[in-house]
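Next up, start-v6.txt (compact mmCIF, C-alpha atoms):
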```txt
# COMPACT_ATOMS: atom_id res chain seq x y z
CA MET A 1 -23.28 -17.01 20.73
CA VAL A 2 -19.80 -17.12 19.30
CA THR A 3 -18.85 -13.84 17.65
CA ARG A 4 -15.70 -11.92 16.88
CA ARG A 5 -14.56 -10.01 19.91
CA THR A 6 -11.81 -7.43 20.06
CA LEU A 7 -9.60 -7.35 23.13
CA SER A 8 -7.16 -4.55 23.83
CA ILE A 9 -4.46 -5.74 26.22
CA LEU A 10 -1.84 -3.47 27.77
CA VAL A 11 1.25 -5.43 28.82
CA GLU A 12 4.70 -4.74 30.14
CA ASN A 13 7.17 -4.61 27.27
CA GLN A 14 9.24 -7.62 28.36
CA PRO A 15 10.57 -10.71 26.57
CA GLY A 16 8.14 -13.60 26.85
CA VAL A 17 4.93 -11.68 27.43
CA LEU A 18 3.55 -12.46 23.99
CA ALA A 19 4.38 -16.14 24.51
CA LYS A 20 2.45 -16.15 27.78
CA VAL A 21 -0.60 -14.45 26.29
CA ALA A 22 -0.57 -16.62 23.17
CA GLY A 23 -0.05 -19.72 25.33
CA LEU A 24 -3.09 -18.85 27.40
CA PHE A 25 -5.23 -18.59 24.27
CA ARG A 26 -3.86 -21.91 23.04
CA ARG A 27 -4.50 -23.80 26.28
CA ARG A 28 -8.09 -22.55 26.31
CA GLY A 29 -8.51 -23.49 22.65
CA TYR A 30 -9.49 -20.00 21.55
CA ASN A 31 -9.25 -19.26 17.89
CA ILE A 32 -7.26 -16.09 17.29
CA HIS A 33 -8.52 -14.35 14.17
CA SER A 34 -5.84 -11.69 14.23
CA LEU A 35 -3.25 -10.30 16.59
CA ALA A 36 -1.08 -7.21 16.50
CA VAL A 37 1.50 -6.18 19.03
CA GLY A 38 3.35 -2.90 19.10
CA ILE A 39 4.73 -0.29 21.46
CA THR A 40 2.59 2.48 22.92
CA GLU A 41 3.17 6.09 23.98
CA ASN A 42 5.07 4.58 26.91
CA PRO A 43 8.06 2.50 25.67
CA GLU A 44 7.76 0.23 28.71
CA VAL A 45 4.23 -0.74 27.72
CA SER A 46 3.06 -2.65 24.65
CA ARG A 47 -0.47 -3.05 23.41
CA ILE A 48 -1.75 -6.33 22.05
CA VAL A 49 -4.95 -6.08 20.04
CA THR A 50 -6.48 -9.42 19.27
CA VAL A 51 -9.68 -10.45 17.54
CA VAL A 52 -10.93 -13.80 18.81
CA GLU A 53 -13.95 -15.96 18.07
CA ALA A 54 -15.68 -16.48 21.40
CA GLY A 55 -18.96 -16.33 23.26
CA PRO A 56 -19.61 -13.85 26.10
CA GLU A 57 -18.83 -16.33 28.89
CA GLU A 58 -15.66 -17.53 27.24
CA THR A 59 -14.59 -13.93 26.79
CA GLU A 60 -15.17 -13.23 30.46
CA GLN A 61 -13.08 -16.29 31.34
CA ILE A 62 -10.21 -15.27 29.11
CA ILE A 63 -10.18 -11.73 30.53
CA LYS A 64 -10.02 -13.19 34.05
CA GLN A 65 -7.11 -15.43 33.04
CA LEU A 66 -5.28 -12.60 31.32
CA ASN A 67 -5.63 -10.39 34.39
CA LYS A 68 -3.86 -13.08 36.43
CA LEU A 69 -0.67 -12.67 34.42
CA VAL A 70 1.61 -10.26 36.26
CA GLU A 71 2.81 -8.62 33.03
CA VAL A 72 -0.75 -7.79 32.01
CA LEU A 73 -1.60 -4.24 33.06
CA ARG A 74 -5.11 -3.92 31.68
CA VAL A 75 -7.55 -5.85 29.49
CA ASN A 76 -10.50 -4.29 27.75
CA ASP A 77 -13.19 -5.91 25.65
CA VAL A 78 -13.82 -3.07 23.19
CA THR A 79 -16.20 -5.05 20.99
CA ASN A 80 -19.24 -2.93 21.68
CA HIS A 81 -17.45 0.41 22.02
CA HIS A 82 -17.37 3.06 19.34
CA THR A 83 -13.97 2.34 17.91
CA VAL A 84 -11.62 3.13 15.06
CA ASP A 85 -10.52 -0.21 13.60
CA ARG A 86 -7.72 -0.33 11.09
CA GLU A 87 -5.59 -2.89 9.35
CA LEU A 88 -2.83 -2.57 6.78
CA ALA A 89 -2.13 -4.95 3.90
CA LEU A 90 0.60 -5.18 1.28
CA VAL A 91 -0.60 -7.02 -1.84
CA LYS A 92 1.68 -7.97 -4.73
CA VAL A 93 -0.27 -8.75 -7.91
CA ASN A 94 0.71 -9.77 -11.41
CA ALA A 95 0.70 -6.73 -13.67
CA THR A 96 1.50 -6.30 -17.34
CA PRO A 97 1.57 -3.07 -19.33
CA GLY A 98 -1.95 -4.07 -20.41
CA THR A 99 -3.39 -4.48 -16.90
CA ARG A 100 -1.55 -1.75 -14.99
CA ALA A 101 -4.17 0.91 -15.67
CA GLU A 102 -6.95 -1.31 -14.40
CA ILE A 103 -5.04 -2.14 -11.23
CA MET A 104 -4.32 1.55 -10.66
CA GLU A 105 -8.02 2.28 -11.02
CA VAL A 106 -8.85 -0.29 -8.34
CA ALA A 107 -6.09 1.22 -6.16
CA SER A 108 -7.56 4.69 -6.64
CA ILE A 109 -11.09 3.60 -5.70
CA PHE A 110 -9.79 2.09 -2.45
CA ARG A 111 -7.29 4.91 -1.87
CA ALA A 112 -4.53 2.33 -1.94
CA ASN A 113 -0.96 3.41 -2.68
CA VAL A 114 1.24 1.78 -5.29
CA VAL A 115 4.44 1.15 -3.34
CA ASP A 116 6.40 -0.95 -5.85
CA VAL A 117 6.28 -1.69 -9.56
CA SER A 118 8.32 -4.22 -11.52
CA GLU A 119 8.00 -5.46 -15.09
CA LYS A 120 5.61 -8.17 -14.01
CA THR A 121 4.16 -7.02 -10.69
CA MET A 122 2.66 -4.15 -8.73
CA THR A 123 2.55 -3.94 -4.94
CA LEU A 124 -0.28 -2.01 -3.30
CA GLU A 125 -0.52 -0.73 0.26
CA VAL A 126 -4.06 -0.50 1.55
CA THR A 127 -5.39 0.50 4.95
CA GLY A 128 -8.89 0.36 6.39
CA LYS A 129 -11.32 -1.90 8.11
CA GLY A 130 -10.94 -5.62 7.48
CA GLU A 131 -13.96 -5.67 5.15
CA LYS A 132 -12.47 -2.99 2.93
CA ILE A 133 -9.24 -4.93 2.66
CA ASP A 134 -11.19 -8.12 1.89
CA ALA A 135 -13.02 -6.22 -0.87
CA ILE A 136 -9.93 -4.92 -2.68
CA ILE A 137 -8.29 -8.34 -2.44
CA GLN A 138 -11.39 -9.82 -4.05
CA LEU A 139 -11.08 -7.38 -6.97
CA LEU A 140 -7.35 -7.97 -7.37
CA ARG A 141 -7.67 -11.72 -7.32
CA LYS A 142 -8.39 -11.96 -11.08
CA HIS A 143 -4.92 -10.60 -11.82
CA GLY A 144 -3.29 -13.24 -9.66
CA ILE A 145 -2.04 -12.39 -6.20
CA ARG A 146 1.63 -13.28 -5.92
CA GLU A 147 2.03 -12.57 -2.28
CA MET A 148 0.25 -10.75 0.52
CA VAL A 149 0.73 -9.74 4.13
CA ARG A 150 -1.74 -8.23 6.60
CA THR A 151 -0.99 -6.64 9.94
CA GLY A 152 -4.00 -7.75 11.93
CA GLN A 153 -6.47 -5.23 13.30
CA VAL A 154 -5.58 -2.38 15.62
CA THR A 155 -8.27 -0.52 17.52
CA LEU A 156 -8.70 2.63 19.56
CA VAL A 157 -11.88 3.77 21.28
CA ARG A 158 -13.29 6.98 19.77
CA GLY A 159 -13.38 10.28 21.62
CA VAL A 160 -11.68 11.22 24.88
CA GLN A 161 -12.01 7.82 26.52
CA THR A 162 -8.90 5.65 26.77
CA THR A 163 -8.68 1.88 27.23
CA MET B 1 26.85 -7.88 15.91
CA VAL B 2 23.34 -7.61 17.24
CA THR B 3 21.08 -5.80 14.79
CA ARG B 4 17.41 -5.70 13.97
CA ARG B 5 16.51 -8.56 11.68
CA THR B 6 13.24 -9.09 9.89
CA LEU B 7 11.93 -12.62 9.58
CA SER B 8 9.00 -13.54 7.35
CA ILE B 9 7.45 -16.81 8.53
CA LEU B 10 4.72 -18.65 6.65
CA VAL B 11 2.73 -20.90 8.97
CA GLU B 12 -0.35 -23.08 8.82
CA ASN B 13 -3.36 -21.11 10.01
CA GLN B 14 -4.08 -23.27 13.07
CA PRO B 15 -4.81 -22.52 16.73
CA GLY B 16 -1.63 -22.54 18.79
CA VAL B 17 0.89 -21.79 16.06
CA LEU B 18 1.57 -18.30 17.32
CA ALA B 19 2.04 -19.65 20.85
CA LYS B 20 4.62 -22.15 19.57
CA VAL B 21 6.54 -19.53 17.62
CA ALA B 22 6.43 -16.99 20.44
CA GLY B 23 7.40 -19.72 22.93
CA LEU B 24 10.45 -20.57 20.87
CA PHE B 25 11.58 -16.94 20.89
CA ARG B 26 11.03 -16.80 24.64
CA ARG B 27 12.97 -19.96 25.43
CA ARG B 28 15.90 -18.66 23.40
CA GLY B 29 15.68 -15.28 25.09
CA TYR B 30 15.28 -13.34 21.86
CA ASN B 31 13.94 -9.87 22.14
CA ILE B 32 10.99 -9.37 19.79
CA HIS B 33 10.87 -5.76 18.63
CA SER B 34 7.61 -6.18 16.77
CA LEU B 35 5.37 -8.93 15.51
CA ALA B 36 2.43 -8.96 13.15
CA VAL B 37 0.33 -11.94 12.18
CA GLY B 38 -2.34 -12.01 9.53
CA ILE B 39 -3.82 -14.19 6.83
CA THR B 40 -2.33 -14.42 3.34
CA GLU B 41 -3.70 -14.96 -0.16
CA ASN B 42 -4.29 -18.56 0.98
CA PRO B 43 -6.72 -18.65 3.97
CA GLU B 44 -5.02 -21.79 5.26
CA VAL B 45 -1.72 -19.98 5.55
CA SER B 46 -0.80 -17.06 7.83
CA ARG B 47 2.28 -14.91 7.66
CA ILE B 48 4.11 -13.81 10.79
CA VAL B 49 6.49 -10.91 10.28
CA THR B 50 8.73 -10.31 13.22
CA VAL B 51 11.56 -7.89 13.86
CA VAL B 52 14.04 -9.27 16.39
CA GLU B 53 17.28 -8.04 17.86
CA ALA B 54 19.87 -10.72 17.10
CA GLY B 55 23.30 -11.43 15.69
CA PRO B 56 23.85 -13.48 12.49
CA GLU B 57 24.55 -16.75 14.32
CA GLU B 58 21.59 -16.38 16.63
CA THR B 59 19.41 -15.66 13.61
CA GLU B 60 20.64 -18.80 11.90
CA GLN B 61 19.84 -20.80 15.05
CA ILE B 62 16.33 -19.39 15.35
CA ILE B 63 15.59 -20.13 11.68
CA LYS B 64 16.72 -23.73 12.20
CA GLN B 65 14.48 -24.04 15.26
CA LEU B 66 11.51 -22.50 13.49
CA ASN B 67 11.92 -24.88 10.56
CA LYS B 68 11.59 -27.80 12.99
CA LEU B 69 8.04 -26.81 13.89
CA VAL B 70 5.65 -28.82 11.71
CA GLU B 71 3.27 -25.87 11.29
CA VAL B 72 6.05 -23.69 9.90
CA LEU B 73 6.02 -23.82 6.11
CA ARG B 74 8.83 -21.39 5.29
CA VAL B 75 11.11 -18.95 7.06
CA ASN B 76 12.95 -16.14 5.32
CA ASP B 77 15.41 -13.64 6.72
CA VAL B 78 14.53 -10.66 4.53
CA THR B 79 16.79 -8.22 6.38
CA ASN B 80 19.12 -7.57 3.45
CA HIS B 81 16.55 -7.87 0.68
CA HIS B 82 15.02 -4.94 -1.12
CA THR B 83 11.76 -4.75 0.73
CA VAL B 84 8.66 -2.66 1.26
CA ASP B 85 8.31 -2.19 5.04
CA ARG B 86 5.16 -0.71 6.44
CA GLU B 87 3.54 -0.17 9.79
CA LEU B 88 0.27 1.47 10.82
CA ALA B 89 -0.34 3.54 13.93
CA LEU B 90 -3.41 5.14 15.48
CA VAL B 91 -2.50 8.10 17.68
CA LYS B 92 -5.02 9.95 19.85
CA VAL B 93 -3.75 13.39 20.90
CA ASN B 94 -5.20 16.20 22.98
CA ALA B 95 -6.65 18.84 20.69
CA THR B 96 -8.42 22.11 21.41
CA PRO B 97 -9.95 24.52 18.90
CA GLY B 98 -6.67 26.42 19.25
CA THR B 99 -4.35 23.49 18.40
CA ARG B 100 -6.42 21.62 15.80
CA ALA B 101 -4.99 23.51 12.84
CA GLU B 102 -1.43 22.78 13.92
CA ILE B 103 -2.19 19.08 14.38
CA MET B 104 -3.81 18.96 10.95
CA GLU B 105 -0.73 20.55 9.46
CA VAL B 106 1.47 17.85 10.99
CA ALA B 107 -1.00 15.24 9.70
CA SER B 108 -0.81 16.71 6.22
CA ILE B 109 3.01 16.72 6.15
CA PHE B 110 3.05 13.02 7.07
CA ARG B 111 0.03 12.20 4.90
CA ALA B 112 -1.75 10.98 7.99
CA ASN B 113 -5.55 10.78 8.03
CA VAL B 114 -7.71 12.29 10.74
CA VAL B 115 -9.99 9.39 11.63
CA ASP B 116 -11.76 10.77 14.70
CA VAL B 117 -12.33 14.17 16.30
CA SER B 118 -13.91 14.95 19.67
CA GLU B 119 -14.11 18.18 21.63
CA LYS B 120 -10.82 17.44 23.32
CA THR B 121 -9.03 14.96 21.06
CA MET B 122 -8.06 14.06 17.51
CA THR B 123 -7.10 10.59 16.34
CA LEU B 124 -4.68 10.22 13.43
CA GLU B 125 -3.98 7.19 11.29
CA VAL B 126 -0.48 7.09 9.87
CA THR B 127 1.28 4.48 7.76
CA GLY B 128 4.88 4.16 6.69
CA LYS B 129 8.24 2.88 7.80
CA GLY B 130 8.85 2.73 11.53
CA GLU B 131 11.10 5.81 11.44
CA LYS B 132 8.38 7.90 9.83
CA ILE B 133 5.92 6.86 12.52
CA ASP B 134 8.50 7.62 15.21
CA ALA B 135 8.93 11.08 13.68
CA ILE B 136 5.26 12.06 13.67
CA ILE B 137 4.84 10.76 17.21
CA GLN B 138 7.75 12.95 18.25
CA LEU B 139 6.01 16.00 16.76
CA LEU B 140 2.67 15.15 18.32
CA ARG B 141 4.10 14.56 21.76
CA LYS B 142 3.94 18.25 22.75
CA HIS B 143 0.14 18.14 22.48
CA GLY B 144 -0.02 15.16 24.82
CA ILE B 145 -0.59 11.68 23.45
CA ARG B 146 -3.63 10.17 25.12
CA GLU B 147 -3.36 6.76 23.62
CA MET B 148 -1.59 4.98 20.78
CA VAL B 149 -1.47 1.62 19.06
CA ARG B 150 0.96 0.31 16.42
CA THR B 151 0.58 -2.77 14.27
CA GLY B 152 4.17 -3.89 14.09
CA GLN B 153 6.02 -3.99 10.79
CA VAL B 154 4.90 -5.97 7.76
CA THR B 155 7.27 -6.60 4.88
CA LEU B 156 7.20 -7.83 1.31
CA VAL B 157 10.22 -8.29 -0.95
CA ARG B 158 10.17 -5.90 -3.91
CA GLY B 159 9.73 -7.05 -7.51
CA VAL B 160 8.67 -10.44 -8.80
CA GLN B 161 10.39 -12.45 -6.09
CA THR B 162 8.24 -14.02 -3.37
CA THR B 163 9.27 -15.16 0.10
```

Reformat the file's structure so that it appears as structure tokens.
Amino acid sequence: MVTRRTLSILVENQPGVLAKVAGLFRRRGYNIHSLAVGITENPEVSRIVTVVEAGPEETEQIIKQLNKLVEVLRVNDVTNHHTVDRELALVKVNATPGTRAEIMEVASIFRANVVDVSEKTMTLEVTGKGEKIDAIIQLLRKHGIREMVRTGQVTLVRGVQTT
Amino acid sequence: MVTRRTLSILVENQPGVLAKVAGLFRRRGYNIHSLAVGITENPEVSRIVTVVEAGPEETEQIIKQLNKLVEVLRVNDVTNHHTVDRELALVKVNATPGTRAEIMEVASIFRANVVDVSEKTMTLEVTGKGEKIDAIIQLLRKHGIREMVRTGQVTLVRGVQTT
């Protein structure tokens, strides 16, 4: 069964690593739902977190392939772990003096921060699970979304365990 | 002069686009400092925000090359624009009953959220500019960082303008 699976991939922080990993997904025809790459506690190591649509066998295959890349230090399928999953979005919506209060109410419900205001727009910063971000976007849509950017999901396993 | 430049790239949401973009950076030898890819207000369009180390001429070259890819809809160098720049990090630190209060104080100063607690660890979620995240990590380091993940920077231009 094809489901969304979350892979946490530790890689050497070197030029070209992302291209290799992304190329591997492309050649295998995997659909990447989201991908985030950033440095870790060790500046020589980056962590790629990617959410892909794949079945269990496909996932096993891709992990095998990833492990063959010399720059890949460790791959973990954290899909069924107890995890903290977070994403950040910036959403710029149309706002007039008449609609600002309503938008601020929505922001407050979702604990979003207003990070910019202009005469015609407001920009909100919201963090949370993907579904929460989907929900606030749905509510803001009626005002007209001018522009939006999302980071892709990042994930850590809960408790003392590391991945 | 080589500086950090922020590129905002709108692409068709299709398998393989990220591989093409990352491959282009690799072939040109550009060092990617961070990269985030996520969907936009239009589900058929994704936005890649990448921070690269490059000079002005190199940046011009890379924009030209990116524009040649059919899946690339628009590229903007937003480095010198008035922007909202945000990043999200999850940081798991060692925590004992004796150090929890101190860690919570640091969290409070940086408006970070405690998103997980175990007998031996605490996990904080922090959002902000890269420098802010660097600063809290620096303060948490003395407790011992078990594990960390960062999303990479996302950026929107302030005000009514879109990119």

Inset, instruction - Using all atoms listed in the file, collect all residues at a distance of at most 10 Å from (0.6, -5.7, 19.3) as written in the file, then present them as a list of chain:residue names. - result: A:Ser8, A:Ile9, A:Leu10, A:Val11, A:Leu18, A:Leu35, A:Ala36, A:Val37, A:Gly38, A:Ile39, A:Thr40, A:Ser46, A:Arg47, A:Ile48, A:Val49, A:Thr50, A:Thr151, A:Gly152, A:Gln153, A:Val154, B:Ser34, B:Leu35, B:Ala36, B:Val37, B:Val149, B:Arg150, B:Thr151, B:Gly152

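The spacing separating CA of Glu41 (chain A) from CA of Ala89 (chain A) amounts to 23.5 Å.
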
Inset, instruction - Identify the residues within 10 Å of coordinate (-17.6, -17.8, 18.2) (same frame as the file), considering all atoms listed in the file, and give the answer as a ChimeraX atom specification. - result: /A:1-5,30-31,52-56,58-59

Go ahead and write the residues just picked, C-alpha atoms, as a PDB file, keeping the file's coordinate frame.
```
ATOM      1  CA  MET A   1     -23.280 -17.010  20.730  1.00  0.00           C
ATOM      2  CA  VAL A   2     -19.800 -17.120  19.300  1.00  0.00           C
ATOM      3  CA  THR A   3     -18.850 -13.840  17.650  1.00  0.00           C
ATOM      4  CA  ARG A   4     -15.700 -11.920  16.880  1.00  0.00           C
ATOM      5  CA  ARG A   5     -14.560 -10.010  19.910  1.00  0.00           C
ATOM      6  CA  TYR A  30      -9.490 -20.000  21.550  1.00  0.00           C
ATOM      7  CA  ASN A  31      -9.250 -19.260  17.890  1.00  0.00           C
ATOM      8  CA  VAL A  52     -10.930 -13.800  18.810  1.00  0.00           C
ATOM      9  CA  GLU A  53     -13.950 -15.960  18.070  1.00  0.00           C
ATOM     10  CA  ALA A  54     -15.680 -16.480  21.400  1.00  0.00           C
ATOM     11  CA  GLY A  55     -18.960 -16.330  23.260  1.00  0.00           C
ATOM     12  CA  PRO A  56     -19.610 -13.850  26.100  1.00  0.00           C
ATOM     13  CA  GLU A  58     -15.660 -17.530  27.240  1.00  0.00           C
ATOM     14  CA  THR A  59     -14.590 -13.930  26.790  1.00  0.00           C
TER      15      THR A  59
END
```

Pose of chain B fitted onto chain A, C-alpha LSQ, given as a CSV table (one decimal) with C-alpha atoms, in the coordinates of the input:
```
chain,number,residue,atom,x,y,z
B,1,MET,CA,-23.3,-17.0,20.7
B,2,VAL,CA,-19.8,-17.1,19.3
B,3,THR,CA,-18.8,-13.8,17.6
B,4,ARG,CA,-15.7,-11.9,16.9
B,5,ARG,CA,-14.5,-10.0,19.9
B,6,THR,CA,-11.8,-7.4,20.0
B,7,LEU,CA,-9.6,-7.4,23.1
B,8,SER,CA,-7.2,-4.5,23.8
B,9,ILE,CA,-4.5,-5.7,26.2
B,10,LEU,CA,-1.8,-3.5,27.8
B,11,VAL,CA,1.2,-5.4,28.8
B,12,GLU,CA,4.7,-4.7,30.1
B,13,ASN,CA,7.2,-4.6,27.3
B,14,GLN,CA,9.2,-7.6,28.3
B,15,PRO,CA,10.6,-10.7,26.6
B,16,GLY,CA,8.1,-13.6,26.8
B,17,VAL,CA,4.9,-11.7,27.4
B,18,LEU,CA,3.5,-12.5,24.0
B,19,ALA,CA,4.4,-16.1,24.5
B,20,LYS,CA,2.4,-16.2,27.8
B,21,VAL,CA,-0.6,-14.5,26.3
B,22,ALA,CA,-0.6,-16.6,23.2
B,23,GLY,CA,0.0,-19.7,25.3
B,24,LEU,CA,-3.1,-18.9,27.4
B,25,PHE,CA,-5.2,-18.6,24.3
B,26,ARG,CA,-3.9,-21.9,23.0
B,27,ARG,CA,-4.5,-23.8,26.3
B,28,ARG,CA,-8.1,-22.6,26.3
B,29,GLY,CA,-8.5,-23.5,22.6
B,30,TYR,CA,-9.5,-20.0,21.5
B,31,ASN,CA,-9.2,-19.3,17.9
B,32,ILE,CA,-7.2,-16.1,17.3
B,33,HIS,CA,-8.5,-14.3,14.2
B,34,SER,CA,-5.8,-11.7,14.2
B,35,LEU,CA,-3.2,-10.3,16.6
B,36,ALA,CA,-1.1,-7.2,16.5
B,37,VAL,CA,1.5,-6.2,19.0
B,38,GLY,CA,3.4,-2.9,19.1
B,39,ILE,CA,4.7,-0.3,21.5
B,40,THR,CA,2.6,2.5,22.9
B,41,GLU,CA,3.2,6.1,24.0
B,42,ASN,CA,5.1,4.6,26.9
B,43,PRO,CA,8.1,2.5,25.7
B,44,GLU,CA,7.8,0.2,28.7
B,45,VAL,CA,4.2,-0.7,27.7
B,46,SER,CA,3.1,-2.6,24.6
B,47,ARG,CA,-0.5,-3.0,23.4
B,48,ILE,CA,-1.7,-6.3,22.0
B,49,VAL,CA,-4.9,-6.1,20.0
B,50,THR,CA,-6.5,-9.4,19.3
B,51,VAL,CA,-9.7,-10.4,17.5
B,52,VAL,CA,-10.9,-13.8,18.8
B,53,GLU,CA,-13.9,-16.0,18.0
B,54,ALA,CA,-15.7,-16.5,21.4
B,55,GLY,CA,-19.0,-16.3,23.2
B,56,PRO,CA,-19.6,-13.8,26.1
B,57,GLU,CA,-18.8,-16.3,28.9
B,58,GLU,CA,-15.7,-17.5,27.2
B,59,THR,CA,-14.6,-13.9,26.8
B,60,GLU,CA,-15.2,-13.2,30.4
B,61,GLN,CA,-13.1,-16.3,31.3
B,62,ILE,CA,-10.2,-15.3,29.1
B,63,ILE,CA,-10.2,-11.7,30.5
B,64,LYS,CA,-10.0,-13.2,34.0
B,65,GLN,CA,-7.1,-15.4,33.0
B,66,LEU,CA,-5.3,-12.6,31.3
B,67,ASN,CA,-5.6,-10.4,34.4
B,68,LYS,CA,-3.9,-13.1,36.4
B,69,LEU,CA,-0.7,-12.7,34.4
B,70,VAL,CA,1.6,-10.2,36.2
B,71,GLU,CA,2.8,-8.6,33.0
B,72,VAL,CA,-0.7,-7.8,32.0
B,73,LEU,CA,-1.6,-4.2,33.1
B,74,ARG,CA,-5.1,-3.9,31.7
B,75,VAL,CA,-7.5,-5.8,29.5
B,76,ASN,CA,-10.5,-4.3,27.7
B,77,ASP,CA,-13.2,-5.9,25.6
B,78,VAL,CA,-13.8,-3.1,23.2
B,79,THR,CA,-16.2,-5.1,21.0
B,80,ASN,CA,-19.2,-2.9,21.7
B,81,HIS,CA,-17.5,0.4,22.0
B,82,HIS,CA,-17.4,3.1,19.3
B,83,THR,CA,-14.0,2.3,17.9
B,84,VAL,CA,-11.6,3.1,15.1
B,85,ASP,CA,-10.5,-0.2,13.6
B,86,ARG,CA,-7.7,-0.3,11.1
B,87,GLU,CA,-5.6,-2.9,9.4
B,88,LEU,CA,-2.8,-2.6,6.8
B,89,ALA,CA,-2.1,-4.9,3.9
B,90,LEU,CA,0.6,-5.2,1.3
B,91,VAL,CA,-0.6,-7.0,-1.8
B,92,LYS,CA,1.7,-8.0,-4.7
B,93,VAL,CA,-0.3,-8.8,-7.9
B,94,ASN,CA,0.7,-9.8,-11.4
B,95,ALA,CA,0.7,-6.7,-13.7
B,96,THR,CA,1.5,-6.3,-17.3
B,97,PRO,CA,1.6,-3.1,-19.3
B,98,GLY,CA,-1.9,-4.1,-20.4
B,99,THR,CA,-3.4,-4.5,-16.9
B,100,ARG,CA,-1.5,-1.7,-15.0
B,101,ALA,CA,-4.2,0.9,-15.7
B,102,GLU,CA,-7.0,-1.3,-14.4
B,103,ILE,CA,-5.0,-2.1,-11.2
B,104,MET,CA,-4.3,1.6,-10.6
B,105,GLU,CA,-8.0,2.3,-11.0
B,106,VAL,CA,-8.8,-0.3,-8.3
B,107,ALA,CA,-6.1,1.2,-6.2
B,108,SER,CA,-7.6,4.7,-6.6
B,109,ILE,CA,-11.1,3.6,-5.7
B,110,PHE,CA,-9.8,2.1,-2.4
B,111,ARG,CA,-7.3,4.9,-1.9
B,112,ALA,CA,-4.5,2.3,-1.9
B,113,ASN,CA,-0.9,3.4,-2.7
B,114,VAL,CA,1.2,1.8,-5.3
B,115,VAL,CA,4.4,1.1,-3.3
B,116,ASP,CA,6.4,-1.0,-5.8
B,117,VAL,CA,6.3,-1.7,-9.6
B,118,SER,CA,8.3,-4.3,-11.5
B,119,GLU,CA,8.0,-5.5,-15.1
B,120,LYS,CA,5.6,-8.2,-14.0
B,121,THR,CA,4.1,-7.0,-10.7
B,122,MET,CA,2.7,-4.2,-8.7
B,123,THR,CA,2.5,-3.9,-4.9
B,124,LEU,CA,-0.3,-2.0,-3.3
B,125,GLU,CA,-0.5,-0.7,0.3
B,126,VAL,CA,-4.1,-0.5,1.6
B,127,THR,CA,-5.4,0.5,5.0
B,128,GLY,CA,-8.9,0.4,6.4
B,129,LYS,CA,-11.3,-1.9,8.1
B,130,GLY,CA,-10.9,-5.6,7.5
B,131,GLU,CA,-14.0,-5.7,5.2
B,132,LYS,CA,-12.5,-3.0,3.0
B,133,ILE,CA,-9.2,-4.9,2.7
B,134,ASP,CA,-11.2,-8.1,1.9
B,135,ALA,CA,-13.0,-6.2,-0.9
B,136,ILE,CA,-9.9,-4.9,-2.7
B,137,ILE,CA,-8.3,-8.3,-2.4
B,138,GLN,CA,-11.4,-9.8,-4.0
B,139,LEU,CA,-11.1,-7.4,-6.9
B,140,LEU,CA,-7.4,-8.0,-7.3
B,141,ARG,CA,-7.7,-11.7,-7.3
B,142,LYS,CA,-8.4,-12.0,-11.1
B,143,HIS,CA,-4.9,-10.6,-11.8
B,144,GLY,CA,-3.3,-13.3,-9.6
B,145,ILE,CA,-2.1,-12.4,-6.2
B,146,ARG,CA,1.6,-13.3,-5.9
B,147,GLU,CA,2.0,-12.6,-2.3
B,148,MET,CA,0.2,-10.7,0.5
B,149,VAL,CA,0.7,-9.7,4.2
B,150,ARG,CA,-1.7,-8.2,6.6
B,151,THR,CA,-1.0,-6.6,10.0
B,152,GLY,CA,-4.0,-7.7,11.9
B,153,GLN,CA,-6.5,-5.2,13.3
B,154,VAL,CA,-5.6,-2.4,15.6
B,155,THR,CA,-8.3,-0.5,17.5
B,156,LEU,CA,-8.7,2.6,19.6
B,157,VAL,CA,-11.9,3.8,21.3
B,158,ARG,CA,-13.3,7.0,19.8
B,159,GLY,CA,-13.4,10.3,21.6
B,160,VAL,CA,-11.7,11.2,24.9
B,161,GLN,CA,-12.0,7.8,26.5
B,162,THR,CA,-8.9,5.7,26.8
B,163,THR,CA,-8.7,1.9,27.2
```

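Among the candidates A:Ile136, A:Ile109, A:Val91, A:Ile63, the one nearest to chain B when counting only C-alpha atoms is A:Val91.
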
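The shell of residues at most 8 Å from Thr96 (chain A), with only C-alpha atoms counted and near chain neighbours (fewer than 6 positions) removed, consists of A:Glu119, A:Lys120, A:Thr121.
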
Save the residues we just selected, C-alpha atoms, as an mmCIF file, in the coordinates of the input?
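As a result, again-v9.cif now contains:
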```cif
data_model
loop_
_atom_site.group_PDB
_atom_site.id
_atom_site.type_symbol
_atom_site.label_atom_id
_atom_site.label_comp_id
_atom_site.auth_asym_id
_atom_site.auth_seq_id
_atom_site.Cartn_x
_atom_site.Cartn_y
_atom_site.Cartn_z
ATOM 1 C CA GLU A 119 8.000 -5.460 -15.090
ATOM 2 C CA LYS A 120 5.610 -8.170 -14.010
ATOM 3 C CA THR A 121 4.160 -7.020 -10.690
#
```

Inset, instruction - Could you check how far CA of Lys132 (chain A) sits from CA of Met148 (chain A), in Å to one decimal? - result: 15.1 Å

Legend entry - Contacts of Asn80 (chain B) at 12 Å (only C-alpha atoms; same-chain gap of 2+ positions) as a list in words: Thr3, Arg4, Arg5, Thr6, Leu7, Pro56, Asn76, Asp77, Val78, His82, Thr83, Val84, Thr155, Val157 and Arg158 of chain B

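The spacing separating CA of Glu60 (chain B) from CA of Ala22 (chain B) amounts to 16.7 Å.
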
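You can rank A:Asn67, A:Ser108, A:Thr79, A:Ser118 by their closest distance to chain B using all atoms listed in the file, and at the top of that list sits A:Ser118.
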
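Residue neighbourhood of Ala112 (chain A), excluding near-sequence residues (fewer than 4 positions): Ala89, Leu90, Met104, Glu105, Val106, Ala107, Ser108, Thr123, Leu124, Glu125, Val126, Thr127, Gly128, Ile133 and Ile136 of chain A, at 10 Å, using all atoms listed in the file.
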